[in-house]
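Participant: So that you have it, the file is upload06.cif, and it contains mmCIF, C-alpha atoms:
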```cif
data_final
loop_
_atom_site.label_atom_id
_atom_site.label_comp_id
_atom_site.auth_asym_id
_atom_site.auth_seq_id
_atom_site.Cartn_x
_atom_site.Cartn_y
_atom_site.Cartn_z
CA MET A 1 -1.32 -29.25 -39.91
CA THR A 2 -2.91 -26.11 -38.49
CA SER A 3 -2.86 -25.95 -34.71
CA THR A 4 -6.24 -25.62 -32.99
CA ALA A 5 -4.72 -24.77 -29.62
CA THR A 6 -6.22 -21.71 -27.97
CA PRO A 7 -3.60 -18.97 -27.65
CA PRO A 8 -2.95 -17.84 -24.07
CA LEU A 9 -4.75 -14.75 -22.86
CA PRO A 10 -2.60 -11.66 -22.39
CA GLU A 11 -1.58 -10.97 -18.81
CA ARG A 12 -4.10 -8.69 -17.11
CA ALA A 13 -3.29 -6.23 -14.34
CA PRO A 14 -4.54 -7.24 -10.89
CA ILE A 15 -7.54 -5.51 -9.33
CA ALA A 16 -7.12 -4.15 -5.81
CA VAL A 17 -10.26 -4.61 -3.72
CA ALA A 18 -10.70 -2.59 -0.55
CA SER A 19 -13.30 -3.35 2.10
CA ALA A 20 -15.14 -0.39 3.62
CA PRO A 21 -17.04 -2.36 6.25
CA ASN A 22 -18.76 0.22 8.45
CA GLY A 23 -18.46 3.93 7.67
CA ALA A 24 -19.11 6.73 10.10
CA ARG A 25 -22.85 6.61 10.74
CA LYS A 26 -24.31 3.10 10.48
CA THR A 27 -24.88 0.90 13.52
CA HIS A 28 -26.01 -2.63 14.41
CA ALA A 29 -29.55 -1.35 13.91
CA ASP A 30 -28.72 -1.08 10.20
CA HIS A 31 -27.17 -4.55 10.07
CA PRO A 32 -26.21 -6.89 12.94
CA ALA A 33 -22.99 -7.87 11.09
CA LEU A 34 -21.78 -4.28 10.72
CA PRO A 35 -18.47 -4.15 12.64
CA ILE A 36 -18.00 -1.43 15.24
CA THR A 37 -15.84 -2.75 18.08
CA PRO A 38 -12.16 -3.68 17.63
CA ASP A 39 -13.02 -7.38 17.91
CA GLU A 40 -15.77 -7.06 15.30
CA LEU A 41 -13.44 -5.18 12.98
CA ALA A 42 -10.78 -7.86 13.40
CA ALA A 43 -13.23 -10.65 12.53
CA THR A 44 -14.49 -8.71 9.50
CA ALA A 45 -10.95 -8.00 8.36
CA ARG A 46 -10.12 -11.71 8.41
CA ALA A 47 -13.30 -12.66 6.53
CA CYS A 48 -12.72 -9.97 3.90
CA LEU A 49 -9.09 -11.02 3.49
CA ASP A 50 -10.23 -14.59 2.87
CA ALA A 51 -12.76 -13.30 0.31
CA GLY A 52 -10.07 -11.46 -1.66
CA ALA A 53 -9.61 -7.99 -0.17
CA ALA A 54 -6.18 -6.35 -0.21
CA MET A 55 -7.08 -3.36 1.96
CA LEU A 56 -9.31 -2.42 4.88
CA HIS A 57 -10.71 1.12 4.96
CA LEU A 58 -10.98 1.72 8.68
CA HIS A 59 -13.52 3.82 10.59
CA VAL A 60 -13.63 3.70 14.39
CA ARG A 61 -16.08 4.92 17.00
CA HIS A 62 -16.21 6.56 20.39
CA ALA A 63 -17.49 4.49 23.29
CA ASP A 64 -21.00 5.80 22.57
CA GLY A 65 -20.84 4.49 19.00
CA THR A 66 -20.40 7.84 17.27
CA HIS A 67 -17.74 8.62 14.68
CA SER A 68 -14.23 9.19 16.00
CA LEU A 69 -10.99 10.56 14.64
CA GLU A 70 -9.20 10.09 17.95
CA ALA A 71 -5.94 8.14 18.02
CA ALA A 72 -7.03 6.55 21.31
CA ASP A 73 -9.99 4.96 19.49
CA TYR A 74 -7.98 3.98 16.43
CA ARG A 75 -5.14 2.20 18.22
CA PRO A 76 -7.13 -0.71 19.77
CA ALA A 77 -8.83 -1.37 16.43
CA ILE A 78 -5.56 -1.33 14.48
CA GLU A 79 -3.95 -3.62 17.06
CA ARG A 80 -6.78 -6.18 16.93
CA VAL A 81 -6.91 -6.14 13.12
CA ARG A 82 -3.15 -6.67 12.92
CA GLN A 83 -3.42 -9.57 15.37
CA ALA A 84 -6.06 -11.12 13.11
CA VAL A 85 -4.48 -10.61 9.68
CA GLY A 86 -0.87 -9.56 10.26
CA GLN A 87 0.41 -7.60 7.26
CA ARG A 88 -1.89 -9.37 4.80
CA LEU A 89 -4.17 -6.32 4.55
CA VAL A 90 -3.18 -2.72 3.94
CA LEU A 91 -4.84 -0.67 6.69
CA GLN A 92 -6.15 2.67 5.47
CA VAL A 93 -7.46 5.07 8.11
CA THR A 94 -10.10 7.61 7.23
CA THR A 95 -10.00 11.36 7.85
CA GLU A 96 -13.72 11.83 7.18
CA ALA A 97 -14.97 14.85 9.10
CA VAL A 98 -18.71 14.01 9.30
CA GLY A 99 -19.22 17.64 10.27
CA ARG A 100 -17.38 17.10 13.56
CA TYR A 101 -13.71 17.67 12.80
CA THR A 102 -11.76 20.55 11.31
CA PRO A 103 -9.06 20.07 8.67
CA ALA A 104 -6.43 20.64 11.35
CA GLN A 105 -7.94 17.89 13.53
CA GLN A 106 -8.23 15.53 10.55
CA MET A 107 -4.54 15.96 9.78
CA ALA A 108 -3.50 15.79 13.43
CA VAL A 109 -4.78 12.23 13.94
CA VAL A 110 -2.79 11.04 10.91
CA ARG A 111 0.37 12.68 12.23
CA GLU A 112 -0.18 10.99 15.59
CA LEU A 113 -0.98 7.53 14.20
CA ARG A 114 1.50 7.45 11.28
CA PRO A 115 -0.55 4.77 9.47
CA GLU A 116 0.56 3.07 6.29
CA ALA A 117 -2.34 4.54 4.28
CA VAL A 118 -4.98 7.24 4.61
CA SER A 119 -8.01 8.47 2.69
CA ALA A 120 -8.49 12.22 2.38
CA ALA A 121 -11.30 14.17 0.72
CA LEU A 122 -9.83 17.21 -1.01
CA ARG A 123 -12.98 19.23 -0.45
CA GLU A 124 -12.62 18.63 3.30
CA LEU A 125 -8.88 19.14 3.78
CA VAL A 126 -8.55 21.96 1.22
CA PRO A 127 -11.98 23.62 1.25
CA ASP A 128 -10.58 26.97 0.08
CA ALA A 129 -7.39 28.89 -0.64
CA ALA A 130 -6.94 29.76 3.04
CA HIS A 131 -6.29 26.07 3.81
CA GLU A 132 -3.82 25.45 0.99
CA SER A 133 -0.62 26.17 2.91
CA GLU A 134 -1.45 23.78 5.76
CA ALA A 135 -2.62 21.08 3.34
CA THR A 136 0.52 21.43 1.23
CA ALA A 137 2.69 20.83 4.27
CA PHE A 138 0.57 17.82 5.23
CA PHE A 139 0.65 16.24 1.77
CA GLY A 140 4.41 16.74 1.65
CA TRP A 141 4.74 15.14 5.08
CA LEU A 142 2.75 12.09 3.90
CA ALA A 143 5.16 11.66 1.00
CA ALA A 144 8.21 12.04 3.25
CA GLU A 145 6.80 9.48 5.72
CA HIS A 146 5.85 7.04 2.92
CA ILE A 147 2.21 7.12 4.00
CA VAL A 148 0.04 6.41 0.95
CA PRO A 149 -2.86 8.84 0.53
CA GLN A 150 -5.95 8.12 -1.51
CA TYR A 151 -7.52 11.42 -2.52
CA ILE A 152 -11.32 11.24 -2.53
CA LEU A 153 -13.03 12.96 -5.46
CA TYR A 154 -16.82 13.36 -5.53
CA ASP A 155 -17.40 14.68 -9.04
CA ALA A 156 -15.68 15.88 -12.21
CA ALA A 157 -15.11 19.30 -10.63
CA ASP A 158 -13.13 17.57 -7.87
CA VAL A 159 -11.03 15.86 -10.54
CA GLY A 160 -10.26 19.30 -11.95
CA ARG A 161 -9.39 20.54 -8.47
CA TYR A 162 -7.03 17.61 -7.99
CA PHE A 163 -5.24 18.46 -11.25
CA ASP A 164 -5.00 22.12 -10.25
CA LEU A 165 -3.38 21.19 -6.94
CA ARG A 166 -1.02 18.80 -8.74
CA ARG A 167 -0.12 21.43 -11.33
CA ARG A 168 0.71 23.97 -8.63
CA GLY A 169 2.75 21.48 -6.61
CA LEU A 170 0.43 21.28 -3.60
CA ILE A 171 0.02 17.52 -4.13
CA PRO A 172 3.37 15.80 -4.77
CA PRO A 173 3.55 13.52 -7.82
CA GLY A 174 3.59 9.75 -7.29
CA GLY A 175 2.98 7.67 -4.19
CA HIS A 176 -0.80 8.13 -4.14
CA TRP A 177 -4.03 7.13 -5.84
CA VAL A 178 -7.55 8.54 -6.12
CA LEU A 179 -11.09 7.35 -5.36
CA PHE A 180 -14.05 8.32 -7.53
CA VAL A 181 -17.24 8.36 -5.42
CA LEU A 182 -20.07 7.49 -7.80
CA GLY A 183 -23.57 8.80 -7.24
CA ARG A 184 -22.90 10.76 -4.07
CA TYR A 185 -25.41 13.42 -5.11
CA SER A 186 -27.78 11.25 -7.16
CA ALA A 187 -31.47 10.82 -6.34
CA GLY A 188 -31.75 8.38 -3.47
CA GLN A 189 -27.96 8.16 -3.43
CA THR A 190 -28.07 5.13 -5.73
CA SER A 191 -25.12 4.75 -8.08
CA SER A 192 -25.02 3.59 -11.69
CA PRO A 193 -22.07 2.52 -13.86
CA ASP A 194 -22.87 5.56 -16.03
CA ASP A 195 -21.77 7.74 -13.11
CA LEU A 196 -18.18 6.76 -13.86
CA LEU A 197 -18.15 8.38 -17.30
CA PRO A 198 -17.85 12.06 -16.25
CA PHE A 199 -14.97 11.16 -13.94
CA LEU A 200 -13.07 9.34 -16.68
CA HIS A 201 -13.74 12.09 -19.22
CA ALA A 202 -12.18 14.62 -16.85
CA TRP A 203 -9.43 12.18 -15.81
CA HIS A 204 -8.23 11.36 -19.31
CA ALA A 205 -8.34 14.99 -20.39
CA GLU A 206 -5.12 15.50 -18.40
CA THR A 207 -2.94 12.68 -19.69
CA ALA A 208 0.31 14.13 -18.36
CA LEU A 209 -0.99 14.36 -14.78
CA SER A 210 -3.17 11.24 -14.71
CA ALA A 211 -0.56 8.94 -16.23
CA GLY A 212 0.64 6.38 -13.70
CA VAL A 213 -1.89 7.39 -11.02
CA ARG A 214 -4.21 4.52 -10.14
CA TRP A 215 -7.89 5.10 -9.53
CA ALA A 216 -10.65 3.20 -7.78
CA VAL A 217 -14.39 3.62 -7.34
CA CYS A 218 -16.94 3.25 -4.59
CA ALA A 219 -20.68 3.26 -5.17
CA PHE A 220 -24.02 3.33 -3.36
CA GLY A 221 -26.81 0.77 -3.54
CA ALA A 222 -27.40 -2.60 -5.16
CA ARG A 223 -25.53 -1.65 -8.35
CA GLU A 224 -22.28 -1.34 -6.39
CA ALA A 225 -20.95 -4.55 -7.96
CA GLU A 226 -21.85 -3.34 -11.47
CA CYS A 227 -20.03 -0.07 -10.85
CA ALA A 228 -16.99 -1.95 -9.56
CA LEU A 229 -17.00 -4.22 -12.60
CA ALA A 230 -17.25 -1.22 -14.92
CA ALA A 231 -14.17 0.19 -13.20
CA ALA A 232 -12.37 -3.13 -13.53
CA LEU A 233 -13.16 -3.28 -17.26
CA LEU A 234 -11.65 0.16 -17.71
CA GLY A 235 -8.49 -0.45 -15.69
CA GLY A 236 -9.59 0.74 -12.26
CA HIS A 237 -9.95 -0.74 -8.79
CA ALA A 238 -12.83 -1.10 -6.32
CA ARG A 239 -13.91 -0.33 -2.78
CA LEU A 240 -16.86 -2.40 -1.55
CA GLY A 241 -18.71 -2.64 1.71
CA PHE A 242 -21.42 -1.75 4.16
CA GLU A 243 -20.22 1.86 4.41
CA ASN A 244 -22.06 2.58 1.14
CA ASN A 245 -24.05 -0.55 0.34
CA MET A 246 -25.52 -3.58 2.14
CA LEU A 247 -27.24 -5.23 -0.83
CA LEU A 248 -26.13 -8.00 -3.14
CA ALA A 249 -26.59 -7.47 -6.86
CA GLN A 250 -29.92 -9.34 -6.78
CA GLY A 251 -31.25 -6.78 -4.28
CA GLU A 252 -31.19 -9.01 -1.21
CA LEU A 253 -29.46 -8.05 2.01
CA ALA A 254 -25.86 -9.26 2.13
CA PRO A 255 -25.13 -11.46 5.15
CA ASP A 256 -21.82 -9.67 5.76
CA ASN A 257 -19.13 -7.56 4.12
CA ALA A 258 -17.21 -10.56 2.84
CA ALA A 259 -20.21 -11.62 0.75
CA LEU A 260 -19.96 -8.40 -1.27
CA ILE A 261 -16.31 -9.12 -2.02
CA ARG A 262 -16.97 -12.76 -2.94
CA GLN A 263 -19.73 -11.63 -5.30
CA PHE A 264 -17.40 -9.19 -7.03
CA ALA A 265 -14.51 -11.66 -7.17
CA SER A 266 -16.73 -14.24 -8.83
CA ALA A 267 -17.98 -11.79 -11.45
CA ALA A 268 -14.51 -10.37 -12.05
CA GLY A 269 -13.24 -13.82 -12.94
CA VAL A 270 -14.65 -13.44 -16.44
CA LEU A 271 -12.39 -10.41 -16.95
CA HIS A 272 -9.30 -12.54 -16.32
CA ARG A 273 -7.99 -9.88 -13.95
CA PRO A 274 -6.73 -11.51 -10.75
CA LEU A 275 -7.27 -9.88 -7.38
CA ALA A 276 -4.20 -8.14 -5.97
CA ASP A 277 -2.96 -9.01 -2.52
CA ALA A 278 -1.64 -6.54 0.03
CA GLU A 279 1.99 -6.92 -1.00
CA GLN A 280 1.15 -6.19 -4.63
CA LEU A 281 -0.84 -3.15 -3.56
CA ARG A 282 2.03 -1.88 -1.44
CA SER A 283 4.50 -2.40 -4.30
CA TRP A 284 2.55 -0.02 -6.53
CA PHE A 285 3.40 2.87 -4.21
CA ALA A 286 6.89 1.87 -3.07
#
```
Just give me the structure of the file as structure tokens.
Facilitator:
Amino acid sequence: MTSTATPPLPERAPIAVASAPNGARKTHADHPALPITPDELAATARACLDAGAAMLHLHVRHADGTHSLEAADYRPAIERVRQAVGQRLVLQVTTEAVGRYTPAQQMAVVRELRPEAVSAALRELVPDAAHESEATAFFGWLAAEHIVPQYILYDAADVGRYFDLRRRGLIPPGGHWVLFVLGRYSAGQTSSPDDLLPFLHAWHAETALSAGVRWAVCAFGAREAECALAAALLGGHARLGFENNMLLAQGELAPDNAALIRQFASAAGVLHRPLADAEQLRSWFA
């Protein structure tokens, strides 16, 4: 008799979801649930963890609400988040300059904080050849300290720049991943899944250097979830949150950051790719 049992699906790699809940510029005037204070960040971290996030991308503010890269502003936020979620989220600090901080200042806060993870835009930290020596020392220090960098790439040219720095040894191999920012320079700064294609074309053109390096996407506007699903279909990971988008896929305002993650997690279920937890994420870079 022929069996009619459905064969099991092949095991699928987990998707790491990061929450980017606030960014550098938005305030409560943009959304009352946008977290700014340490207590608000802690509550958001817990809600996003419960929704399926493995990582929190952390921005902090000065007392006046403006963007800060000061260790004195980071420490209370990190402490409150850790009290709320323990080690169940990877905490990634940002080095975003927002036109206020120099590359030296961006790197200095990371050296002072020694976080477990950091995001770094290559075009900010290595804007030209004159900054290469300092950046090389910094990237080497991150590797030696086992701090996981995520290199932010804004277009296919940035992908090429990343490969050039890898090829010349300025970025050490292993122990890092990259973030493709979709639609940063599009009309109205609204992303589309099609925006991923130039990144992947450039990425897969360098098989020797891209092999084994994980990539994720972030996107702007109501198609954020579609962009994240496109990445998931193609083997990537996702960063979601109010930093770049406050709308659900239907176009309505999301009640909070966790709702964006729950929406993605529900849609990703059809891909049979489970969501990674923080320990799985950490193990990829150990």
Participant: Pick from A:Pro115, A:Pro193, A:Gly183, A:Gly169: nearest to A:Ile78, with all atoms listed in the file counted?
Facilitator: A:Pro115
Participant: Might you spell out which residues the PyMOL selection byres ((chain A and resi 267) around 12) would select in the displayed file, as a list in words?
Facilitator: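 Residues picked by the PyMOL selection byres ((chain A and resi 267) around 12): Ala225, Glu226, Cys227, Ala228, Leu229, Ala230, Ala232, Leu233, Ala249, Leu260, Ile261, Arg262, Gln263, Phe264, Ala265, Ser266, Ala268, Gly269, Val270, Leu271, His272, Arg273, Pro274 and Leu275 of chain A.
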Participant: Assuming 8 Å of padding per side, give the centre and edge lengths of the axis-aligned box around every listed atom of stretch 268-278 of chain A, in Å to one decimal and as lines of an AutoDock Vina configuration file.
Facilitator:
```
center_x = -8.1
center_y = -10.2
center_z = -8.5
size_x = 29.0
size_y = 23.3
size_z = 33.0
```
Participant: Which residues of stretch 89-178 of chain A come within 9 Å of stretch 43-66 of chain A, and what is each one's closest atom pair and distance in Å (one decimal), counting all atoms listed in the file, sorted by chain and residue number, as a tab-separated table?
Facilitator:
```
residue	atom	partner	partner_atom	distance
A:Leu89	CA	A:Met55	CA	4.9
A:Val90	CA	A:Met55	CA	4.4
A:Leu91	CA	A:Leu56	CA	5.1
A:Gln92	CA	A:His57	CA	4.8
A:Val93	CA	A:Leu58	CA	4.9
A:Thr94	CA	A:His59	CA	6.1
A:Thr95	CA	A:His59	CA	8.8
A:Glu96	CA	A:His59	CA	8.7
A:Val118	CA	A:His57	CA	8.4
A:Ser119	CA	A:His57	CA	8.2
```
Participant: Restricting the calculation to all atoms listed in the file: of A:His31, A:Arg239, A:His201, A:His131, which residue gets closest to A:Phe220?
Facilitator: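 Once distances to A:Phe220 are computed over all atoms listed in the file, the minimum belongs to A:Arg239.
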Participant: Expanded to explicit residues, what is the PyMOL selection byres ((chain A and resi 42) around 9) for this file, as a list in words?
Facilitator: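 For this structure, the PyMOL selection byres ((chain A and resi 42) around 9) resolves to Pro35, Thr37, Pro38, Asp39, Glu40, Leu41, Ala43, Thr44, Ala45, Arg46, Ala47, Ala77, Ile78, Glu79, Arg80, Val81, Arg82, Gln83, Ala84 and Val85 of chain A.
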Participant: Would you output that residue set with C-alpha atoms, as a PDB file, keeping the file's coordinate frame?
Facilitator:
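And here's again-v4.pdb as it stands now:
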```pdb
ATOM      1  CA  PRO A  35     -18.470  -4.150  12.640  1.00  0.00           C
ATOM      2  CA  THR A  37     -15.840  -2.750  18.080  1.00  0.00           C
ATOM      3  CA  PRO A  38     -12.160  -3.680  17.630  1.00  0.00           C
ATOM      4  CA  ASP A  39     -13.020  -7.380  17.910  1.00  0.00           C
ATOM      5  CA  GLU A  40     -15.770  -7.060  15.300  1.00  0.00           C
ATOM      6  CA  LEU A  41     -13.440  -5.180  12.980  1.00  0.00           C
ATOM      7  CA  ALA A  43     -13.230 -10.650  12.530  1.00  0.00           C
ATOM      8  CA  THR A  44     -14.490  -8.710   9.500  1.00  0.00           C
ATOM      9  CA  ALA A  45     -10.950  -8.000   8.360  1.00  0.00           C
ATOM     10  CA  ARG A  46     -10.120 -11.710   8.410  1.00  0.00           C
ATOM     11  CA  ALA A  47     -13.300 -12.660   6.530  1.00  0.00           C
ATOM     12  CA  ALA A  77      -8.830  -1.370  16.430  1.00  0.00           C
ATOM     13  CA  ILE A  78      -5.560  -1.330  14.480  1.00  0.00           C
ATOM     14  CA  GLU A  79      -3.950  -3.620  17.060  1.00  0.00           C
ATOM     15  CA  ARG A  80      -6.780  -6.180  16.930  1.00  0.00           C
ATOM     16  CA  VAL A  81      -6.910  -6.140  13.120  1.00  0.00           C
ATOM     17  CA  ARG A  82      -3.150  -6.670  12.920  1.00  0.00           C
ATOM     18  CA  GLN A  83      -3.420  -9.570  15.370  1.00  0.00           C
ATOM     19  CA  ALA A  84      -6.060 -11.120  13.110  1.00  0.00           C
ATOM     20  CA  VAL A  85      -4.480 -10.610   9.680  1.00  0.00           C
TER      21      VAL A  85
END
```
Participant: Spell out the residues picked by the PyMOL selection byres ((chain A and resi 161-163) around 9) here, as a VMD selection string.
Facilitator: chain A and resid 122 to 123 151 153 156 to 160 164 to 168 171 203 206 209 to 210
Participant: Would you work out the distance separating atom CA of A:Ala254 from atom CA of A:Pro32, expressed in Å to one decimal?
Facilitator: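 So the two atoms, atom CA of A:Ala254 and atom CA of A:Pro32, lie 11.1 Å apart.
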